[in-house]
file entry39.tsv (TSV, C-alpha atoms)
chain	number	residue	atom	x	y	z
A	82	MET	CA	21.72	-37.66	-45.94
A	83	ILE	CA	21.96	-39.12	-42.49
A	84	LYS	CA	22.23	-36.74	-39.59
A	85	ALA	CA	24.90	-37.67	-37.09
A	86	SER	CA	22.74	-36.99	-34.09
A	87	LYS	CA	19.03	-36.61	-34.18
A	88	GLU	CA	17.48	-33.75	-32.29
A	89	ARG	CA	14.97	-34.99	-29.81
A	90	LYS	CA	11.63	-33.34	-29.51
A	91	VAL	CA	11.17	-31.10	-26.54
A	92	ASP	CA	8.59	-32.55	-24.16
A	93	ASN	CA	6.65	-31.23	-21.20
A	94	ILE	CA	9.34	-32.13	-18.69
A	95	ASP	CA	11.86	-30.18	-20.77
A	96	ILE	CA	9.53	-27.19	-20.74
A	97	LYS	CA	9.26	-27.43	-16.97
A	98	ILE	CA	13.06	-27.50	-16.74
A	99	LEU	CA	13.28	-24.47	-19.06
A	100	GLN	CA	10.83	-22.59	-16.87
A	101	LEU	CA	12.72	-23.41	-13.69
A	102	LEU	CA	16.06	-22.44	-15.19
A	103	SER	CA	14.58	-19.24	-16.59
A	104	ALA	CA	13.51	-18.23	-13.11
A	105	ASP	CA	16.93	-19.10	-11.73
A	106	ALA	CA	19.76	-20.42	-13.87
A	107	ARG	CA	21.45	-21.68	-10.69
A	108	GLU	CA	18.47	-23.68	-9.50
A	109	PRO	CA	19.96	-26.77	-7.80
A	110	LEU	CA	19.67	-29.98	-9.77
A	111	LYS	CA	18.07	-31.63	-6.75
A	112	ASN	CA	15.17	-29.14	-6.78
A	113	ILE	CA	14.70	-29.43	-10.52
A	114	ALA	CA	14.57	-33.21	-10.25
A	115	LYS	CA	12.07	-33.04	-7.43
A	116	LYS	CA	9.78	-30.57	-9.17
A	117	CYS	CA	9.86	-32.56	-12.41
A	118	ARG	CA	9.54	-35.89	-10.61
A	119	ILE	CA	12.62	-37.35	-12.23
A	120	THR	CA	16.00	-38.34	-10.84
A	121	PRO	CA	18.81	-35.77	-10.65
A	122	VAL	CA	20.78	-37.80	-13.17
A	123	ALA	CA	17.88	-37.71	-15.60
A	124	ALA	CA	17.53	-33.96	-15.02
A	125	LEU	CA	21.21	-33.39	-15.73
A	126	LYS	CA	20.97	-35.48	-18.89
A	127	ARG	CA	18.02	-33.45	-20.09
A	128	ILE	CA	19.73	-30.12	-19.39
A	129	ARG	CA	22.83	-31.28	-21.24
A	130	ARG	CA	20.71	-32.36	-24.17
A	131	LEU	CA	18.81	-29.07	-24.23
A	132	LYS	CA	22.13	-27.26	-24.40
A	133	LYS	CA	23.54	-29.57	-27.04
A	134	ASP	CA	20.43	-29.21	-29.19
A	135	GLY	CA	20.66	-25.45	-28.87
A	136	VAL	CA	17.35	-25.01	-27.09
A	137	ILE	CA	19.24	-23.35	-24.27
A	138	VAL	CA	21.49	-20.93	-26.11
A	139	SER	CA	23.28	-19.40	-23.17
A	140	THR	CA	22.72	-17.98	-19.74
A	141	TYR	CA	22.39	-14.35	-18.89
A	142	LEU	CA	22.66	-12.20	-15.86
A	143	LEU	CA	20.45	-9.27	-15.06
A	144	ILE	CA	22.27	-6.68	-13.03
A	145	ASP	CA	20.59	-3.83	-11.24
A	146	ASN	CA	20.83	-0.70	-13.29
A	147	GLU	CA	21.60	1.41	-10.27
A	148	ALA	CA	25.03	-0.18	-10.44
A	149	PHE	CA	25.59	0.83	-14.04
A	150	ASP	CA	23.29	3.78	-14.48
A	151	ASN	CA	21.78	3.77	-17.93
A	152	PRO	CA	18.22	4.86	-17.82
A	153	TYR	CA	17.20	5.54	-21.41
A	154	GLU	CA	15.96	2.86	-23.76
A	155	ALA	CA	14.26	3.35	-27.09
A	156	THR	CA	12.68	1.31	-29.83
A	157	VAL	CA	13.92	2.66	-33.12
A	158	LEU	CA	12.19	1.67	-36.34
A	159	VAL	CA	14.00	2.20	-39.58
A	160	ASP	CA	12.60	2.36	-43.06
A	161	ALA	CA	15.64	1.49	-45.14
A	162	SER	CA	15.99	1.23	-48.87
A	163	ASN	CA	15.88	-2.41	-49.96
A	164	ILE	CA	19.17	-2.38	-51.80
A	165	LEU	CA	21.15	-1.01	-48.88
A	166	GLU	CA	19.27	-2.88	-46.15
A	167	ASP	CA	22.10	-5.29	-45.37
A	168	SER	CA	24.78	-2.64	-45.12
A	169	ILE	CA	22.49	-0.43	-43.03
A	170	LYS	CA	21.78	-3.33	-40.70
A	171	THR	CA	25.49	-4.00	-40.27
A	172	SER	CA	26.23	-0.32	-39.62
A	173	ILE	CA	23.45	-0.05	-37.05
A	174	ARG	CA	24.66	-3.17	-35.27
A	175	GLN	CA	28.12	-1.68	-35.05
A	176	THR	CA	26.83	1.56	-33.59
A	177	ASN	CA	27.49	1.98	-29.90
A	178	ASN	CA	24.54	1.40	-27.60
A	179	VAL	CA	22.52	-0.57	-30.12
A	180	ILE	CA	21.56	-3.78	-28.38
A	181	ILE	CA	19.27	-5.33	-30.95
A	182	CYS	CA	18.90	-4.75	-34.64
A	183	ALA	CA	16.71	-7.19	-36.50
A	184	GLU	CA	15.13	-7.39	-39.92
A	185	SER	CA	11.38	-7.24	-39.90
A	186	ILE	CA	8.44	-7.56	-42.22
A	187	GLY	CA	6.17	-4.55	-42.04
A	188	ARG	CA	6.15	-0.84	-42.69
A	189	TYR	CA	9.63	-0.56	-41.27
A	190	ASN	CA	12.19	-3.13	-42.33
A	191	LEU	CA	14.61	-2.81	-39.44
A	192	CYS	CA	13.87	-2.73	-35.72
A	193	ALA	CA	16.49	-1.67	-33.22
A	194	LEU	CA	16.60	-1.26	-29.48
A	195	ILE	CA	19.06	1.27	-28.17
A	196	VAL	CA	20.07	2.22	-24.66
A	197	ASP	CA	22.08	5.09	-23.25
A	198	HIS	CA	22.95	6.96	-20.11
A	199	ASP	CA	21.39	10.22	-21.16
A	200	ILE	CA	19.17	11.80	-23.74
A	201	ASN	CA	22.12	13.39	-25.57
A	202	GLY	CA	23.73	10.03	-26.11
A	203	LEU	CA	20.46	8.65	-27.37
A	204	ASN	CA	20.15	11.57	-29.73
A	205	GLU	CA	23.67	10.99	-31.02
A	206	THR	CA	22.96	7.33	-31.76
A	207	VAL	CA	19.73	8.23	-33.54
A	208	SER	CA	21.50	10.93	-35.56
A	209	LYS	CA	24.07	8.38	-36.64
A	210	ILE	CA	21.33	6.03	-37.81
A	211	ARG	CA	19.51	8.87	-39.59
A	212	GLY	CA	22.73	9.81	-41.32
A	213	LEU	CA	23.29	6.39	-42.87
A	214	LYS	CA	22.96	6.24	-46.62
A	215	GLY	CA	19.69	4.64	-47.69
A	216	VAL	CA	17.75	5.38	-44.52
A	217	ASN	CA	14.45	6.92	-45.54
A	218	ASN	CA	12.64	7.29	-42.28
A	219	VAL	CA	13.37	6.70	-38.61
A	220	SER	CA	10.80	6.45	-35.85
A	221	VAL	CA	12.18	6.90	-32.35
A	222	ASN	CA	10.15	5.81	-29.36
A	223	ILE	CA	11.57	6.23	-25.88
A	224	TRP	CA	10.45	3.75	-23.25
A	225	LYS	CA	8.58	5.07	-20.26
A	226	GLU	CA	9.19	3.85	-16.77
A	227	ASN	CA	6.41	1.30	-16.50
A	228	ARG	CA	6.98	-1.98	-18.25
A	229	TYR	CA	6.04	-5.59	-18.07
A	230	ILE	CA	8.51	-8.29	-19.00
A	231	ASN	CA	8.12	-12.04	-18.87
A	232	PHE	CA	9.66	-14.18	-21.53
A	233	THR	CA	8.63	-17.57	-20.25
A	234	ARG	CA	5.08	-17.21	-19.01
A	235	ASP	CA	3.35	-18.95	-21.88
A	236	LEU	CA	6.05	-21.47	-22.57
A	237	THR	CA	4.41	-24.63	-23.85
A	238	VAL	CA	5.19	-27.33	-26.32
A	239	THR	CA	3.78	-26.09	-29.57
A	240	GLY	CA	3.04	-29.00	-31.82
A	241	ARG	CA	6.06	-29.09	-34.05
A	242	THR	CA	6.35	-32.32	-35.94
B	112	MET	CA	30.73	-2.83	-5.23
B	113	ASP	CA	34.42	-3.14	-5.76
B	114	GLY	CA	36.78	-4.71	-8.27
B	115	ILE	CA	36.30	-8.24	-6.99
B	116	ASP	CA	32.51	-7.94	-7.13
B	117	THR	CA	32.76	-6.71	-10.70
B	118	GLN	CA	35.06	-9.58	-11.60
B	119	ILE	CA	32.62	-12.08	-10.13
B	120	LEU	CA	29.81	-10.47	-12.12
B	121	MET	CA	31.89	-10.65	-15.28
B	122	GLU	CA	32.47	-14.37	-14.79
B	123	LEU	CA	28.77	-14.89	-14.17
B	124	THR	CA	27.79	-12.94	-17.26
B	125	ILE	CA	29.83	-15.37	-19.33
B	126	ASP	CA	28.21	-18.35	-17.65
B	127	ALA	CA	25.64	-17.88	-14.90
B	128	GLN	CA	25.89	-21.53	-13.98
B	129	LEU	CA	29.60	-21.47	-13.19
B	130	SER	CA	30.34	-23.04	-9.81
B	131	PHE	CA	31.79	-20.93	-7.02
B	132	LEU	CA	34.83	-23.20	-7.02
B	133	GLU	CA	35.57	-22.46	-10.68
B	134	ILE	CA	35.11	-18.72	-10.16
B	135	SER	CA	37.38	-18.79	-7.12
B	136	LYS	CA	40.08	-20.60	-9.10
B	137	LYS	CA	39.84	-18.11	-11.96
B	138	LEU	CA	40.08	-15.08	-9.71
B	139	GLY	CA	42.54	-16.53	-7.24
B	140	ILE	CA	40.37	-15.96	-4.19
B	141	SER	CA	38.78	-18.42	-1.81
B	142	ARG	CA	35.53	-20.15	-2.59
B	143	GLU	CA	34.02	-18.84	0.60
B	144	THR	CA	34.75	-15.25	-0.47
B	145	VAL	CA	33.00	-15.82	-3.78
B	146	ARG	CA	29.99	-17.35	-2.02
B	147	LYS	CA	29.74	-14.52	0.49
B	148	ARG	CA	30.01	-11.79	-2.11
B	149	PHE	CA	27.55	-13.56	-4.39
B	150	ASP	CA	25.04	-13.92	-1.58
B	151	LYS	CA	25.46	-10.26	-0.68
B	152	MET	CA	24.95	-9.09	-4.27
B	153	LYS	CA	21.87	-11.26	-4.58
B	154	LYS	CA	20.47	-10.01	-1.32
B	155	ASP	CA	21.02	-6.32	-1.98
B	156	GLY	CA	19.58	-6.67	-5.47
B	157	THR	CA	22.72	-6.01	-7.51
B	158	ILE	CA	22.10	-9.37	-9.17
B	159	LYS	CA	18.48	-9.19	-10.16
B	160	LEU	CA	18.12	-12.39	-12.07
B	161	MET	CA	20.09	-15.23	-13.54
B	162	SER	CA	18.30	-16.80	-16.43
B	163	ILE	CA	18.70	-18.76	-19.62
B	164	LEU	CA	18.34	-17.65	-23.21
B	165	ILE	CA	16.02	-19.99	-25.09
B	166	ASP	CA	15.91	-20.46	-28.83
B	167	ALA	CA	12.16	-20.34	-29.30
B	168	HIS	CA	12.45	-21.80	-32.81
B	169	LYS	CA	13.48	-25.05	-31.16
B	170	ILE	CA	10.29	-25.24	-29.13
B	171	GLY	CA	8.16	-24.54	-32.14
B	172	ASP	CA	7.90	-20.77	-32.46
B	173	GLN	CA	7.92	-19.27	-35.93
B	174	GLY	CA	9.35	-15.96	-34.91
B	175	ALA	CA	8.62	-12.87	-32.89
B	176	ALA	CA	6.49	-9.81	-33.43
B	177	PHE	CA	7.13	-6.23	-32.44
B	178	LEU	CA	3.81	-4.43	-32.25
B	179	MET	CA	3.66	-0.66	-32.15
B	180	LEU	CA	0.33	0.59	-30.90
B	181	THR	CA	-1.29	3.95	-31.21
B	182	CYS	CA	-4.02	4.84	-28.72
B	183	ALA	CA	-7.07	6.93	-29.28
B	184	ARG	CA	-7.05	10.45	-27.89
B	185	GLY	CA	-7.69	10.53	-24.16
B	186	ALA	CA	-7.33	6.78	-23.77
B	187	ASN	CA	-6.71	5.35	-20.33
B	188	LYS	CA	-3.17	4.18	-20.91
B	189	LYS	CA	-2.78	2.61	-17.49
B	190	ALA	CA	-5.75	0.34	-18.11
B	191	ILE	CA	-4.49	-0.56	-21.58
B	192	PHE	CA	-1.07	-1.35	-20.16
B	193	GLN	CA	-2.69	-3.76	-17.69
B	194	LYS	CA	-4.80	-5.39	-20.36
B	195	LEU	CA	-1.94	-5.91	-22.79
B	196	GLN	CA	0.11	-7.78	-20.20
B	197	ILE	CA	-2.34	-10.62	-19.84
B	198	LEU	CA	-2.68	-11.42	-23.54
B	199	THR	CA	-1.29	-14.80	-24.53
B	200	GLY	CA	2.14	-14.67	-26.07
B	201	VAL	CA	3.03	-11.21	-24.85
B	202	CYS	CA	6.57	-11.08	-23.45
B	203	LEU	CA	7.18	-7.39	-23.03
B	204	VAL	CA	5.01	-4.29	-22.85
B	205	THR	CA	6.22	-0.77	-22.38
B	206	GLN	CA	4.69	2.65	-22.77
B	207	LEU	CA	6.43	4.93	-25.23
B	208	MET	CA	7.13	8.56	-25.91
B	209	GLY	CA	7.32	9.20	-29.63
B	210	ASP	CA	5.40	8.21	-32.73
B	211	PHE	CA	3.69	5.33	-30.95
B	212	ASP	CA	2.16	4.82	-27.52
B	213	PHE	CA	2.99	1.20	-26.71
B	214	PHE	CA	5.65	-1.30	-27.65
B	215	VAL	CA	4.65	-4.96	-27.39
B	216	TRP	CA	7.04	-7.84	-27.93
B	217	ALA	CA	5.16	-11.05	-28.59
B	218	ARG	CA	5.94	-14.62	-29.49
B	219	VAL	CA	4.73	-15.85	-32.85
B	220	ILE	CA	3.84	-19.51	-32.49
B	221	ASN	CA	1.88	-19.58	-35.74
B	222	MET	CA	-0.16	-17.24	-37.91
B	223	GLN	CA	-3.38	-18.21	-36.19
B	224	GLN	CA	-2.06	-17.28	-32.78
B	225	LEU	CA	-0.72	-13.99	-34.15
B	226	ALA	CA	-4.06	-13.18	-35.76
B	227	GLN	CA	-5.78	-13.96	-32.50
B	228	LEU	CA	-3.43	-11.71	-30.60
B	229	LEU	CA	-3.96	-8.85	-33.05
B	230	ASN	CA	-7.70	-9.35	-32.81
B	231	SER	CA	-7.73	-9.24	-29.05
B	232	ILE	CA	-5.69	-6.05	-29.16
B	233	LYS	CA	-8.08	-4.55	-31.67
B	234	GLU	CA	-10.97	-5.41	-29.36
B	235	GLN	CA	-9.60	-2.82	-26.96
B	236	LYS	CA	-11.67	0.09	-28.16
B	237	GLU	CA	-9.12	2.65	-27.11
B	238	ILE	CA	-6.43	1.36	-29.43
B	239	ASP	CA	-6.52	3.15	-32.75
B	240	LYS	CA	-3.85	1.48	-34.77
B	241	ILE	CA	-1.48	-1.46	-34.66
B	242	GLU	CA	1.73	-1.45	-36.63
B	243	PRO	CA	2.91	-5.05	-36.59
B	244	MET	CA	6.42	-6.01	-37.48
B	245	LEU	CA	7.35	-9.64	-37.93
B	246	LEU	CA	10.79	-10.81	-36.98
B	247	GLN	CA	12.32	-14.09	-37.94
B	248	GLN	CA	14.67	-14.02	-35.00
B	249	THR	CA	13.26	-15.30	-31.75
B	250	TYR	CA	16.18	-14.61	-29.50
B	251	PHE	CA	19.05	-12.21	-29.45
B	252	SER	CA	22.39	-13.12	-28.05
B	253	PHE	CA	24.18	-10.33	-26.36
B	254	SER	CA	27.70	-10.01	-25.23
B	255	LEU	CA	27.11	-9.62	-21.56
B	256	ILE	CA	29.89	-7.35	-20.45
B	257	PRO	CA	27.88	-4.71	-18.63
B	258	LYS	CA	29.14	-1.71	-20.54
B	259	VAL	CA	25.56	-0.84	-21.12
B	260	SER	CA	22.74	-2.82	-19.68
B	261	ILE	CA	19.12	-2.17	-20.17
B	262	LYS	CA	16.80	-1.64	-17.28
B	263	CYS	CA	14.39	-4.53	-17.47
B	264	ASP	CA	12.91	-6.57	-14.69
B	265	ASN	CA	13.42	-9.92	-16.24
B	266	MET	CA	16.03	-9.75	-18.91
B	267	ASP	CA	19.43	-8.40	-19.48
B	268	LEU	CA	19.77	-6.75	-22.82
B	269	THR	CA	23.38	-5.80	-22.89
B	270	LYS	CA	25.51	-4.76	-25.78
B	271	ARG	CA	25.53	-7.17	-28.64
B	272	THR	CA	28.76	-7.87	-30.44
call {"tool": "encode", "arguments": {"input": "entry39.tsv", "output": "structure tokens"}}
result
Amino acid sequence: MIKASKERKVDNIDIKILQLLSADAREPLKNIAKKCRITPVAALKRIRRLKKDGVIVSTYLLIDNEAFDNPYEATVLVDASNILEDSIKTSIRQTNNVIICAESIGRYNLCALIVDHDINGLNETVSKIRGLKGVNNVSVNIWKENRYINFTRDLTVTGRT
Amino acid sequence: MDGIDTQILMELTIDAQLSFLEISKKLGISRETVRKRFDKMKKDGTIKLMSILIDAHKIGDQGAAFLMLTCARGANKKAIFQKLQILTGVCLVTQLMGDFDFFVWARVINMQQLAQLLNSIKEQKEIDKIEPMLLQQTYFSFSLIPKVSIKCDNMDLTKRT
């Protein structure tokens, strides 16, 4: 089968662009071009291609929590029965305040991140998850204040052929 | 913060790269107003970061790993927290209250890199146990309406649909 459009390999200039856009999605094209030593037109073309190829999935905005006030986050690990795993996953995803629910390989087969305004709300969400049919064990771990987050620090081209 | 600010934020959560002109047209206000309010929200820290979501599979990653760490009794958690941050591939570290002591979110470029990461964590004498969970997903797309947003310094984890 012939693919209509071939995905191009991501190169070092693309990675540089990804890093710049990660730091500021509104970084002016002019600056990107300058820092990558390419022309603005070439930069624009690359960004468009990265989007088309699905390397850049979307943009996101991080808003100060003071404005929305939701201080409790937790990593919830679920040991679910294999047969009901799919339906449990769907139910967890539909639960309010669950922001991530992903299948995993390990002692627990589902990982979820939940967030809420107060401890009662968190408790409610956890109770709901515990109450689902086929859930054997739930491990709740509330995040403490100190955290380190950087999703693009080690971004490099990893030899994919 | 008022209604107009919120509306501007909503537009930006859909696409952080939207031009002020487009936002002004959508909301029926002048471009200058949008610019001023945007600048103000950026300056006072309401808008913490505008970034892009990258599909790490496309740059060669195999997946992601959630590592749950248990420390030895009386371990210096502050020092461990500092050490975990600098390990290659680590995107997020947070201290926990619950069954585990630390939550680490790491990139999985390949098995070798993961093994290396686990080894360098094990080298920290004060860490008793690692519970690794492998995820196939490398990114999570969230609906970005700030009903709930997680308090992170570098990433908005808002309610997924």
call {"tool": "interface_residues", "arguments": {"input": "entry39.tsv", "of": "chain A", "to": "chain B", "cutoff": "7 Å", "atoms": "only C-alpha atoms", "output": "PyMOL selection string"}}
result
chain A and resi 91+102-107+135-146+148+151-152+154+178-181+183-187+196+220-225+227-232+235+238-241
call {"tool": "atom_distance", "arguments": {"input": "entry39.tsv", "atom1": "CA of Val219 in chain A", "atom2": "CA of Gly174 in chain B"}}
result
23.3 Å
call {"tool": "atom_distance", "arguments": {"input": "entry39.tsv", "atom1": "CA of Met222 in chain B", "atom2": "CA of Thr249 in chain B"}}
result
14.9 Å
call {"tool": "closest_residue", "arguments": {"input": "entry39.tsv", "among": "B:Leu228, B:Leu178, B:Arg142, B:Glu133", "to": "Cys192 in chain A", "atoms": "all atoms listed in the file"}}
result
B:Leu178
call {"tool": "residues_around", "arguments": {"input": "entry39.tsv", "residues": "Glu143 in chain B", "least_positions_apart": "5", "cutoff": "10 Å", "atoms": "all atoms listed in the file", "output": "VMD selection string"}}
result
chain B and resid 131 to 132 135 148 to 149
call {"tool": "residues_around", "arguments": {"input": "entry39.tsv", "residues": "Thr206 in chain A", "least_positions_apart": "6", "cutoff": "10 Å", "atoms": "only C-alpha atoms", "output": "PyMOL selection string"}}
result
chain A and resi 173+176-179+195-197+200+212
call {"tool": "atom_distance", "arguments": {"input": "entry39.tsv", "atom1": "CA of Lys147 in chain B", "atom2": "CA of Leu101 in chain A"}}
result
23.9 Å
call {"tool": "residues_around", "arguments": {"input": "entry39.tsv", "residues": "Tyr189 in chain A", "least_positions_apart": "2", "cutoff": "7 Å", "atoms": "all atoms listed in the file", "output": "number ranges by chain"}}
result
A: 158-160, 187, 191
call {"tool": "residues_around", "arguments": {"input": "entry39.tsv", "residues": "Arg184 in chain B", "least_positions_apart": "3", "cutoff": "12 Å", "atoms": "all atoms listed in the file", "output": "list in words"}}
result
Thr181, Asn187, Lys188, Asp212, Lys236, Glu237, Ile238, Asp239 and Lys240 of chain B
call {"tool": "closest_residue", "arguments": {"input": "entry39.tsv", "among": "A:Ile113, A:Ala155, A:Asp167, A:Ala193", "to": "Ile96 in chain A", "atoms": "all atoms listed in the file"}}
result
A:Ile113
call {"tool": "build_atoms", "arguments": {"input": "entry39.tsv", "residues": "range 154-181 of chain B", "atoms": "N, CA and C atoms", "output": "mmCIF file, keeping the file's coordinate frame"}}
result
data_model
loop_
_atom_site.group_PDB
_atom_site.id
_atom_site.type_symbol
_atom_site.label_atom_id
_atom_site.label_comp_id
_atom_site.auth_asym_id
_atom_site.auth_seq_id
_atom_site.Cartn_x
_atom_site.Cartn_y
_atom_site.Cartn_z
ATOM 1 N N LYS B 154 21.353 -10.528 -2.360
ATOM 2 C CA LYS B 154 20.470 -10.010 -1.320
ATOM 3 C C LYS B 154 20.192 -8.519 -1.520
ATOM 4 N N ASP B 155 21.242 -7.766 -1.846
ATOM 5 C CA ASP B 155 21.020 -6.320 -1.980
ATOM 6 C C ASP B 155 20.481 -5.940 -3.373
ATOM 7 N N GLY B 156 20.251 -6.942 -4.204
ATOM 8 C CA GLY B 156 19.580 -6.670 -5.470
ATOM 9 C C GLY B 156 20.495 -6.262 -6.618
ATOM 10 N N THR B 157 21.801 -6.315 -6.401
ATOM 11 C CA THR B 157 22.720 -6.010 -7.510
ATOM 12 C C THR B 157 22.519 -7.038 -8.622
ATOM 13 N N ILE B 158 22.446 -8.323 -8.199
ATOM 14 C CA ILE B 158 22.100 -9.370 -9.170
ATOM 15 C C ILE B 158 20.587 -9.520 -9.102
ATOM 16 N N LYS B 159 19.935 -9.134 -10.168
ATOM 17 C CA LYS B 159 18.480 -9.190 -10.160
ATOM 18 C C LYS B 159 17.974 -10.569 -10.553
ATOM 19 N N LEU B 160 18.614 -11.121 -11.560
ATOM 20 C CA LEU B 160 18.120 -12.390 -12.070
ATOM 21 C C LEU B 160 19.226 -13.107 -12.829
ATOM 22 N N MET B 161 19.234 -14.424 -12.693
ATOM 23 C CA MET B 161 20.090 -15.230 -13.540
ATOM 24 C C MET B 161 19.176 -16.137 -14.336
ATOM 25 N N SER B 162 19.265 -16.069 -15.630
ATOM 26 C CA SER B 162 18.300 -16.800 -16.430
ATOM 27 C C SER B 162 18.959 -17.446 -17.636
ATOM 28 N N ILE B 163 18.151 -18.123 -18.422
ATOM 29 C CA ILE B 163 18.700 -18.760 -19.620
ATOM 30 C C ILE B 163 18.056 -18.149 -20.862
ATOM 31 N N LEU B 164 18.828 -18.139 -21.927
ATOM 32 C CA LEU B 164 18.340 -17.650 -23.210
ATOM 33 C C LEU B 164 17.849 -18.868 -24.000
ATOM 34 N N ILE B 165 16.600 -18.837 -24.406
ATOM 35 C CA ILE B 165 16.020 -19.990 -25.090
ATOM 36 C C ILE B 165 15.792 -19.683 -26.563
ATOM 37 N N ASP B 166 16.198 -20.616 -27.407
ATOM 38 C CA ASP B 166 15.910 -20.460 -28.830
ATOM 39 C C ASP B 166 14.486 -20.939 -29.078
ATOM 40 N N ALA B 167 13.578 -19.986 -29.223
ATOM 41 C CA ALA B 167 12.160 -20.340 -29.300
ATOM 42 C C ALA B 167 11.817 -21.115 -30.579
ATOM 43 N N HIS B 168 12.676 -21.001 -31.600
ATOM 44 C CA HIS B 168 12.450 -21.800 -32.810
ATOM 45 C C HIS B 168 12.439 -23.288 -32.460
ATOM 46 N N LYS B 169 13.310 -23.637 -31.518
ATOM 47 C CA LYS B 169 13.480 -25.050 -31.160
ATOM 48 C C LYS B 169 12.289 -25.600 -30.389
ATOM 49 N N ILE B 170 11.482 -24.727 -29.792
ATOM 50 C CA ILE B 170 10.290 -25.240 -29.130
ATOM 51 C C ILE B 170 9.045 -24.943 -29.964
ATOM 52 N N GLY B 171 9.277 -24.609 -31.216
ATOM 53 C CA GLY B 171 8.160 -24.540 -32.140
ATOM 54 C C GLY B 171 7.713 -23.156 -32.581
ATOM 55 N N ASP B 172 8.310 -22.104 -32.044
ATOM 56 C CA ASP B 172 7.900 -20.770 -32.460
ATOM 57 C C ASP B 172 8.346 -20.469 -33.893
ATOM 58 N N GLN B 173 7.564 -19.647 -34.568
ATOM 59 C CA GLN B 173 7.920 -19.270 -35.930
ATOM 60 C C GLN B 173 8.755 -17.997 -35.953
ATOM 61 N N GLY B 174 8.613 -17.207 -34.940
ATOM 62 C CA GLY B 174 9.350 -15.960 -34.910
ATOM 63 C C GLY B 174 8.870 -15.093 -33.769
ATOM 64 N N ALA B 175 9.088 -13.802 -33.912
ATOM 65 C CA ALA B 175 8.620 -12.870 -32.890
ATOM 66 C C ALA B 175 7.946 -11.706 -33.588
ATOM 67 N N ALA B 176 7.135 -10.986 -32.850
ATOM 68 C CA ALA B 176 6.490 -9.810 -33.430
ATOM 69 C C ALA B 176 6.716 -8.615 -32.534
ATOM 70 N N PHE B 177 7.071 -7.504 -33.150
ATOM 71 C CA PHE B 177 7.130 -6.230 -32.440
ATOM 72 C C PHE B 177 5.872 -5.475 -32.864
ATOM 73 N N LEU B 178 5.026 -5.168 -31.918
ATOM 74 C CA LEU B 178 3.810 -4.430 -32.250
ATOM 75 C C LEU B 178 3.908 -3.022 -31.708
ATOM 76 N N MET B 179 3.655 -2.047 -32.585
ATOM 77 C CA MET B 179 3.660 -0.660 -32.150
ATOM 78 C C MET B 179 2.213 -0.195 -32.153
ATOM 79 N N LEU B 180 1.743 0.229 -31.001
ATOM 80 C CA LEU B 180 0.330 0.590 -30.900
ATOM 81 C C LEU B 180 0.148 2.091 -30.749
ATOM 82 N N THR B 181 -0.910 2.557 -31.373
ATOM 83 C CA THR B 181 -1.290 3.950 -31.210
ATOM 84 C C THR B 181 -2.651 3.987 -30.524
#
